[in-house]
Structures are given as C-alpha cells and as structure tokens.
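These notes are about the structure you will find just below.
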Number of protein chains: 2
Amino acid sequence: MKNCSLIIKGKYVLTMDNQMSIFNDGVVAVDNDRIIAIGGKEILKKYKSEKIIDVGNSIVMPGLINTHTHAAKVYFRGIADDLPLSTWLEKHIWPAEAKYVNKNFIKNASALACLEMIKSGVTCFNNMYFFEQETASVANKIGMRALIGEVILDFPTPSRKTPKEALEKTEAMILKHQDRELISVAVAPHSIYACSRENLIKAKELADKYSVNLHLHISETKKENEDCLRINKKSPVKYLDEMGILDNKTIAAHSIWLDDEDIEVYKNRQVKTSHCPISNMKLASGVMNFKKMNESGLIIGLGTDGAASNNTLDLFSDMRVCALLHKINNLNPEIASASEVVKMATINGAKALGMDDKIGSLEIGKKADIITINLDKPHLSPVYNPYSHLVYAVNAGDVENVIINGKIVMRDREVFGVDEDEVLRNACKFQ
Amino acid sequence: MKNCSLIIKGKYVLTMDNQMSIFNDGVVAVDNDRIIAIGGKEILKKYKSEKIIDVGNSIVMPGLINTHTHAAKVYFRGIADDLPLSTWLEKHIWPAEAKYVNKNFIKNASALACLEMIKSGVTCFNNMYFFEQETASVANKIGMRALIGEVILDFPTPSRKTPKEALEKTEAMILKHQDRELISVAVAPHSIYACSRENLIKAKELADKYSVNLHLHISETKKENEDCLRINKKSPVKYLDEMGILDNKTIAAHSIWLDDEDIEVYKNRQVKTSHCPISNMKLASGVMNFKKMNESGLIIGLGTDGAASNNTLDLFSDMRVCALLHKINNLNPEIASASEVVKMATINGAKALGMDDKIGSLEIGKKADIITINLDKPHLSPVYNPYSHLVYAVNAGDVENVIINGKIVMRDREVFGVDEDEVLRNACKFQ
C-alpha cells in the first residue's frame with residue numbers, strides 16, 4: 001500500500017479522457033498536486049491516505065474551465081439589462097468603469113468573482129480586464145488557476161494611460177509569473193475595433209517572444225464585421241490573419257459572424273474559440289455557427305463572459321444554454337449533445353487555453369483539479385446518465401467540493417482562503 | 001394592533017400588482033389563507049403575529065406558477081436526450097410509460113415532482129398526465145396548489161382503456177374537487193393528433209358543463225401543423241376554432257407554429273398560452289412568436305413541460321432561457337425584459353389558469369402564496385435590480401421559504417408534509 005495525500009471516492013467518476021471513460025463507484029488517488037491513480041475500487045488496494053473524501057451518490061469530474069471572462073465585472077452584475085449593446089456599453093458600463101474601477105475595486109470584485117466561480121465548480125478561468133495583477137493575487141491566494149491578461153486598448157483605461165504601458169505591464173507580469181504554479185499570463189489586445197493594427201502586431205510580437213497565448217474578442221457583433229468589411233475590405237478574421245496574428249495560441253472569444261472562409265482560416269491556423277452563449281443571447285449579438293465549426297474539428301471551449309452581460313459566472317448555465325441554443329438554431333435536437341457540451345466545459349476548455357497537458361481531464365499525471373456534485377436532490381433524481389444531468393439539470397449550487405492543484409479549496413460548499421462574509425459585505429452598488 | 005397568523009419581512013417585496021409596486025424593507029401580513037396587509041414598515045404598527053419570518057436581504061414575491069407540466073414524468077428525467085422527437089417518443093418515452101406507469105408510479109413520482117417544484121419556488125402547477133387523482137392527492141397532502149387534468153387520448157393509456165373512460169373520470173374528479181381549496185380540475189384532451197374531432201368536442205362540452213379550463217397542446221411541432229394543413233386544409237388553431245373549442249378558458253401549451261391569422265384567433269377567443277421555452281429548444285420543436293403574441297396582448301404564462309424534455313421542473317431556468325431565446329431570435333436585447341418575464345411566471349401564469357382573482361400577485365385579499373429568495377450569495381451580489389436577478393442570476397436552490405395558502409410549506413429549504421429521504425429513495429431507474 002502506497003501513501004498518497006488525498007483519495008476521492010464517488011458513484012460516477014467522469015474522466016473526460018479520450019475514451020470518455022466513466023468509473024462507477026470510482027476512486028481517484030491524488031498525491032500533492034497530481035493524480036497518481038484512477039479507476040474502480042481496486043485503487044483502494046494499492047493506495048491509502050489519511051484524507052479520504054467519500055462523496056457517495058455524486059459525480060466526480062474535472063473542474064470546469066471558463067475560457068473567457070472579465071471577472072471583476074461582477075460588481076456591475078445587473079446594473080443595466082435588456083438594452084441595445086451601444087446603450088448598454090456607452091451609457092452604463094463604460095461610465096461606471098471610468099468612475100469606479102481602481103485597484104481596490106478590482107481586488108474586492110475579483111474575490112467575489114473567484115468565490116462565485118469556485119462555488120459553481122470553475123477551477124480555472126481565462127481573464128481579460130484592468131489591474132490584472134490584483135486578480136492574479138486574489139486567484140493565487142484563494143488557490144485558483146487563472147490565465148490573466150491586462151486588456152490592451154488604444155485609449156486610456158482605468159489602469160493604463162497608453163497601450164504601450166499595458167504592453168510593458170503585460171511583459172512584467174509574464175516575467176513575474178513564469179514559474180508560478182497557478183497563474184499564467186496572456187497578452188490581451190481587446191479587439192480589432194479597440195486596437196490599431198500597430199498595437200495588435202505589437203501584442204502578437206510580445207506573445208511570440210514568450211510563447212504565451214493571445215486572447216482577444218473576434219467577430220462578436222455584426223457591426224464589427226460590417227465595419228471591418230467597409231474599412232479593410234475583408235472580414236475581421238482575414239484582417240487579423242493577414243497581419244499574422246492568428247495561430248494555435250490564439251484564444252478567440254465569441255467568433256459569431258464567421259463565414260465559411262473564416263472558419264477555414266481558424267482551421268488552418270488552429271485558432272481556439274471561446275463560445276459564450278448566454279452573453280451572446282442576452283446582448284443579442286448573434287449565434288455562433290457551432291455546427292459547422294464543431295464539424296470542422298475546431299477546438300471550442302465555453303466562457304461566461306463578464307457578469308455584466310450574463311449575469312453570472314456559472315458555467316453550468318452556459319452548458320445548458322449552449323446545448324439548447326444550437327439545437328433550436330439548427331432545428332435539430334441531436335446537435336450539441338450533453339457529452340459534447342461537458343467536453344467543451346472541461347477538456348476542450350483546457351485545449352483552448354493550451355493547458356490540456358495539465359488539466360481538463362482526470363488522468364494519471366495530470367494536475368488534480370476536481371469537483372464533486374451531489375446527486376441526492378429532488379431535481380437530480382433519478383440518474384440515468386450523468387452527462388445529461390450535468391447539462392440539463394445540475395445547478396451551480398449542487399457543486400459540493402472543489403479541489404485545485406491537489407488542494408481542497410471548497411469542502412461541503414465552504415470555501416477556504418477567503419472570508420465569504422467580508423467579500424459579500426464589500427459588494428455594494430456602484431452607480 | 002390586530003393579530004394575524006403570519007408576518008413576513010424582507011428587503012425587496014415584489015408585489016407583481018398592476019403598478020409593479022416594490023416595497024423596500026417591506027412587510028406582508030397574512031391571516032389564515034389570505035394577505036390582509038402589504039406595504040412598508042408601517043404595517044408593523046397595525047399588525048402583530050406570534051409568527052414573524054424576517055428574511056433579511058431577500059426578495060419576497062408571489063410563488064411561481066408552472067402553467068404546463070406532466071409532473072410524474074420526473075421519473076424519466078434524462079432517460080433519453082439529444083434525439084429527434086419521434087425516436088425520443090416512440091423508442092423511449094412511450095415504451096417506458098407502457099411498461100412502468102401505474103398508480104403507484106404516479107403517486108411516488110408526483111411526490112418527487114412536488115418536492116422539486118416547491119424547492120424551486122413553484123406554488124401552483126397545471127398538470128396533464130395519467131392517474132391524476134394520485135397527483136392531486138400528493139399535491140393536496142404536501143399543501144400545493146394544482147390544476148389537474150387526466151389526459152384524454154384516442155388510444156388506451158396506462159390509466160384508461162378508452163377516451164370515454166377518461167372523460168368520465170374527469171367528470172368524477174371535477175365533482176369531487178369542486179369545493180377544494182388547493183385542487184382544481186381541467187379537462188385535458190392531449191392534442192389534435194391524439195384526439196379525434198369527436199373526442200375534442202366531447203371534452204369541450206364537459207369543460208363547458210362545469211365551466212372549467214380546457215388544457216391541451218396546440219401547434220407544438222411543424223409536423224402537427226403540416227399534417228393538419230394536409231388533412232383538414234387549415235391550421236391546427238383554425239381547425240380547433242371551427243369546432244368551437246377555443247375560448248378564454250383554453251390553456252394552449254406551446255403554440256409555436258402560429259401564423260398571423262392564428263394569433264388573431266387567439267386574440268379574439270382570448271386563448272391563454274403556456275410557453276415552454278426549454279422543452280421547445282431541447283426537442284428543437286421551434287420558437288414561439290413571443291414578440292408578436294406579446295404585442296397582440298395575449299396572456300402568456302411559462303411552463304416547464306415534463307422533466308423528460310426539460311429536464312427539470314425549475315421555472316427559474318425557464319425564465320432565464322425565455323428572456324435569452326427571444327432576444328436572440330429577434331436579434332433585439334430589448335425583447336422579453338426581466339420584469340416582463342417575471343410577470344409571465346407569476347401574475348400572467350395566474351391569468352393563464354384563470355386564477356388571477358386568487359393568486360399571482362401579493363395584494364390584499366389574495367391567497368398567501370409567497371416565496372422568499374435569499375440574496376446573501378456570491379452570484380447574487382451586489383443587487384441593482386431584483387427583477388434582473390430573478391431572471392438572469394437566481395437559481396432554483398436560492399429559494400429559501402415557501403408559503404402556500406397561508407401555510408409554511410418550506411422553511412430554510414426544509415419541506416414539511418413529505419419525507420424527502422423516502423421520496424429520493426423511491427426514485428430509482430425505470431428502464
């Protein structure tokens with residue numbers, strides 16, 4: 001019998017490996033930060049631990065990966081809804097950001113966001129916003145995995161006067177976090193409409209210099225596409241591709257208004273997509289061509305986007321809405337099956353962030369990012385198919401335990417490493 | 001100071017009355033089954049009670065009304081998903097129903113359904129399925145309001161050999177429940193494709209005889225419409241209207257494939273619609289023309305449909321999906337605003353069931369069907385607009401207390417009048 005630091009037992013262990021293996025009455029053995037064994041009860045004959053979590057009638061699965069968000073925007077959750085994008089942005093979000101966003105705001109709001117994400121089973125998130133070092137510190141302290149990108153814009157922001165300053169700060173953050181376990185850094189130019197060609201190219205050069213991800217919004221709105229066609233005589237995707245921006249380290253949020261040629265470009269360049277169905281529907285931005293993009297073999301992860309346009313950071317809701325949206329959009333109930341959608345929120349999310357060597361599935365040698373979902377609830381009874389429940393029935397509040405990098409971050413819904421009452425007290429209105 | 005049986009205090013009291021009045025730091029005074037006072041703190045100077053529930057930072061609002069479901073289908077939750085409607089029905093649901101549905105199945109499954117609905121804030125549901133007397137008994141015992149309809153089909157069912165028998169049973173149930181507080185009875189012919197003209201007319205005659213609702217599916221699928229056009233040379237709505245079936249006591253589930261003339265018929269006959277967005281998306285049935293129907297002034301309530309096609313009885317999810325679906329379907333974020341959607345799940349649901357004299361809003365003289373939602377949660381902080389939270393952020397599990405007909409049915413998520421452990425134990429797989 002070998003000793004290990006943690007053993008988790010549960011009725012349905014979903015690995016999300018290539019074979020989509022499920023172990024009934026399964027066991028995961030963790031030592032320090034890594035999974036060292038996974039399988040059925042036989043694991044218990046080989047490994048013992050002082051810490052055994054037996055979750056009984058639960059699903060045990062990889063933590064969810066939120067591939068696109070602006071975490072600190074949780075403080076603007078519900079500040080303005082049901083409005084045209086331009087009114088929403090120009091009359092509400094931008095003025096509120098200009099007035100209230102500062103280092104302290106980001107610090108407190110990021111704590112709320114991390115707390116919300118952990119309590120909804122997210123173990124890793126890809127962020128783009130202001131004062132990102134604050135978000136990185138909060139995530140690191142709470143024990144959450146994050147890919148962090150200081151947003152680069154042509155105009156002054158609450159955190160940076162110039163795009164040059166944002167690029168310099170990004171480089172400093174890359175250097176600072178190079179050896180960190182939980183925090184990685186991406187270069188995050190906002191979009192083609194908020195960044196000049198010159199700044200986009202500089203951002204790409206910086207990403208190449210350190211071989212890190214480039215995280216940006218692409219083709220979110222019809223207007224973005226139409227403006228680009230008018231001004232540059234080509235689609236946003238082709239405009240970016242001809243600049244040499246797109247490759248397998250590009251994380252493209254939204255990607256709604258792509259035509260067949262754009263999808264071909266994504267395929268050739270191995271661009272990764274972060275699909276944000278709730279935000280896209282709420283802002284009425286449009287419907288991503290999931291069927292075609294998925295059939296083309298593109299890697300598509302799921303993202304919540306910010307809580308100002310979602311209005312939560314709950315990836316279970318995005319899973320459900322993703323499955324529903326593409327069925328109705330194609331008038332075909334076979335599109336976006338439950339197991340496909342769970343892949344999007346786990347292993348394909350990891351692939352989108354270039355982290356699938358470390359996370360996204362429960363396999364020997366991978367980091368132990370694990371969540372458990374208790375099924376002893378009226379709305380989750382009976383159980384025929386765990387994937388179906390995860391997409392069509394589970395709510396964020398059903399997540400019971402969260403383990404990140406081998407460490408128990410939430411136990412029976414209590415999150416360690418943060419004072420929940422204080423975080424809630426800080427969350428006052430900003431308007 | 002007058003005595004009353006119950007006082008509820010909370011930060012946001014949403015009345016859903018004609019003026020959409022909200023009382024901040026509001027108070028509701030209940031005596032026996034009815035609301036006798038509602039307003040701000042001044043109520044506490046006029047009324048006292050031995051039972052005061054102070055819910056603090058919570059929303060206090062009318063209970064949600066599920067205007068179309070097949071409650072006992074919860075036992076088939078997730079038995080088959082992501083399939084074409086015909087395969088789903090013919091290869092999975094119908095065989096499972098034929099094999100397993102009996103009185104005891106309905107009794108136990110209805111207990112699970114009622115439990116799930118109460119725990120997600122539903123205080124009244126409109127049901128159509130088999131052995132409805134069992135569902136009525138369970139609802140009555142647990143203290144839930146229900147409109148019950150034994151489904152009438154041309155072919156034999158698990159509960160009835162002939163449609164004649166179903167009609168007789170319906171009449172007996174109407175007589176039995178005429179004076180009941182919580183249970184009402186509707187006549188429930190399934191649809192134009194499962195009921196002959198003759199049986200539809202008999203069902204309507206029975207509904208007229210006792211002045212009760214007629215509850216049926218109308219225009220759920222494109223096939224239903226196309227078949228009706230081919231066979232009867234008119235749309236399902238016109239086919240029913242020319243039979244004299246449609247009036248202000250008709251509850252029409254789905255109503256997806258209506259053309260402008262059909263909507264005009266609904267308007268003239270004051271037909272009530274139960275809109276089931278999640279089920280319609282999951283089965284890829286089609287998108288109801290919400291914009292046109294709503295602008296025509298039709299009364300539209302929300303329904304979950306059965307849990308075999310949802311896969312929950314959670315009306316909060318249907319609220320969120322309703323708001324998102326119609327925004328994206330019209331590429332207009334102003335459609336289906338949060339407050340409109342909350343109306344659909346409360347007062348308009350009551351109007352759809354013909355119960356708005358009794359329930360659907362918190363007003364003096366109405367029955368005390370009240371729920372409270374605790375906002376001290378990361379995903380519900382901060383609070384700018386309670387309607388926005390109800391639609392875009394609240395999950396079913398955030399409902400904390402449920403009062404029906406003046407009686408506390410759930411307190412701090414514990415449901416009285418049912419043994420939750422036993423109900424969960426009974427919910428095994430049926431396949």
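A note on labels: chains of the structure tokens are A, B, ... as shown, every chain counts residues from 1, and ligands are counted from 1 in their shown order.
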Proximal residues of chain A relative to chain B (only C-alpha atoms; 7 Å) as a PyMOL selection string: chain A and resi 75+77-79+82-84+112+115-116+281-286+310-312+324-325+327-328+331-334+337+378-379+381-385+388-389+392-393+395+397+424+427-429
Contact residues around A:Gly354 with only C-alpha atoms at 10 Å, ignoring same-chain residues under 6 positions, as a PyMOL selection string: chain A and resi 212-213+248-251+272+348
Filtered DSSP result for stretch 204-398 of chain B, state strand (DSSP E), as a VMD selection string: chain B and resid 214 to 218 250 to 254 272 to 275 300 to 302 370 to 374
Any chance you can output those residues with N, CA, C and O atoms as a tab-separated table (two decimals), in the first residue's frame?
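Saved result, selection18.tsv, follows:
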```
chain	number	residue	atom	x	y	z
B	214	LEU	N	-60.00	24.07	-20.34
B	214	LEU	CA	-59.62	23.03	-21.28
B	214	LEU	C	-58.12	23.18	-21.53
B	214	LEU	O	-57.66	24.25	-21.94
B	215	HIS	N	-57.38	22.14	-21.25
B	215	HIS	CA	-55.91	22.19	-21.32
B	215	HIS	C	-55.43	21.22	-22.40
B	215	HIS	O	-55.67	20.03	-22.33
B	216	LEU	N	-54.77	21.76	-23.42
B	216	LEU	CA	-54.27	20.89	-24.50
B	216	LEU	C	-53.01	21.45	-25.13
B	216	LEU	O	-52.65	22.60	-24.91
B	217	HIS	N	-52.32	20.60	-25.89
B	217	HIS	CA	-51.15	21.02	-26.67
B	217	HIS	C	-51.65	21.55	-28.02
B	217	HIS	O	-52.43	20.87	-28.67
B	218	ILE	N	-51.16	22.70	-28.43
B	218	ILE	CA	-51.52	23.21	-29.77
B	218	ILE	C	-50.26	23.64	-30.51
B	218	ILE	O	-49.45	24.39	-29.98
B	250	THR	N	-59.40	28.29	-22.52
B	250	THR	CA	-58.45	27.36	-23.15
B	250	THR	C	-57.03	27.67	-22.70
B	250	THR	O	-56.58	28.82	-22.80
B	251	ILE	N	-56.33	26.66	-22.21
B	251	ILE	CA	-54.89	26.78	-21.92
B	251	ILE	C	-54.15	26.00	-22.99
B	251	ILE	O	-54.19	24.77	-23.02
B	252	ALA	N	-53.49	26.75	-23.86
B	252	ALA	CA	-52.84	26.14	-25.03
B	252	ALA	C	-51.34	26.06	-24.80
B	252	ALA	O	-50.64	27.07	-24.82
B	253	ALA	N	-50.85	24.85	-24.58
B	253	ALA	CA	-49.40	24.68	-24.39
B	253	ALA	C	-48.68	24.81	-25.73
B	253	ALA	O	-49.20	24.39	-26.76
B	254	HIS	N	-47.51	25.41	-25.66
B	254	HIS	CA	-46.58	25.52	-26.79
B	254	HIS	C	-46.94	26.60	-27.81
B	254	HIS	O	-46.28	27.63	-27.89
B	272	LYS	N	-55.43	31.39	-23.74
B	272	LYS	CA	-54.24	31.57	-22.90
B	272	LYS	C	-53.13	30.62	-23.38
B	272	LYS	O	-53.40	29.46	-23.69
B	273	THR	N	-51.92	31.13	-23.40
B	273	THR	CA	-50.79	30.33	-23.89
B	273	THR	C	-49.87	29.94	-22.74
B	273	THR	O	-49.55	30.77	-21.90
B	274	SER	N	-49.43	28.69	-22.74
B	274	SER	CA	-48.35	28.27	-21.85
B	274	SER	C	-47.11	28.06	-22.70
B	274	SER	O	-47.04	27.15	-23.53
B	275	HIS	N	-46.14	28.94	-22.47
B	275	HIS	CA	-44.90	28.92	-23.26
B	275	HIS	C	-43.85	28.08	-22.51
B	275	HIS	O	-43.60	28.31	-21.34
B	300	ILE	N	-49.63	35.19	-21.75
B	300	ILE	CA	-48.66	34.10	-21.91
B	300	ILE	C	-48.05	33.78	-20.56
B	300	ILE	O	-47.42	34.63	-19.93
B	301	GLY	N	-48.26	32.55	-20.11
B	301	GLY	CA	-47.59	32.07	-18.90
B	301	GLY	C	-46.39	31.22	-19.29
B	301	GLY	O	-46.15	30.96	-20.47
B	302	LEU	N	-45.63	30.79	-18.28
B	302	LEU	CA	-44.47	29.94	-18.55
B	302	LEU	C	-44.74	28.53	-18.02
B	302	LEU	O	-45.38	28.36	-16.99
B	370	ILE	N	-46.53	32.66	-1.34
B	370	ILE	CA	-45.39	33.58	-1.25
B	370	ILE	C	-44.08	32.79	-1.20
B	370	ILE	O	-44.00	31.77	-0.51
B	371	ILE	N	-43.07	33.27	-1.91
B	371	ILE	CA	-41.74	32.66	-1.79
B	371	ILE	C	-40.72	33.73	-1.41
B	371	ILE	O	-40.94	34.92	-1.65
B	372	THR	N	-39.63	33.30	-0.79
B	372	THR	CA	-38.55	34.23	-0.47
B	372	THR	C	-37.23	33.68	-1.02
B	372	THR	O	-36.99	32.47	-1.01
B	373	ILE	N	-36.41	34.58	-1.52
B	373	ILE	CA	-35.13	34.22	-2.13
B	373	ILE	C	-34.02	35.00	-1.46
B	373	ILE	O	-34.00	36.23	-1.50
B	374	ASN	N	-33.11	34.28	-0.84
B	374	ASN	CA	-32.02	34.89	-0.09
B	374	ASN	C	-30.94	35.40	-1.05
B	374	ASN	O	-30.44	34.67	-1.89
```
Selection near B:Asn268, 10 Å with only C-alpha atoms, sequence-local residues under 2 positions removed, as a PyMOL selection string: chain B and resi 246-248+262-266+270-271+298
Could you write out that same residue set with C-alpha atoms as a compact mmCIF listing (two decimals), in the first residue's frame?
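Final file, selection-v1.txt:
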```txt
# COMPACT_ATOMS: atom_id res chain seq x y z
CA LEU B 246 -61.23 27.85 -28.27
CA ASP B 247 -62.26 30.45 -25.70
CA ASN B 248 -60.96 32.29 -22.66
CA ASP B 262 -53.81 32.07 -35.83
CA ILE B 263 -52.59 34.77 -33.45
CA GLU B 264 -55.66 36.81 -34.40
CA VAL B 265 -57.86 33.82 -33.49
CA TYR B 266 -56.10 33.52 -30.10
CA GLN B 270 -58.83 35.17 -25.52
CA VAL B 271 -56.95 31.86 -25.59
CA LEU B 298 -52.18 37.72 -25.42
```
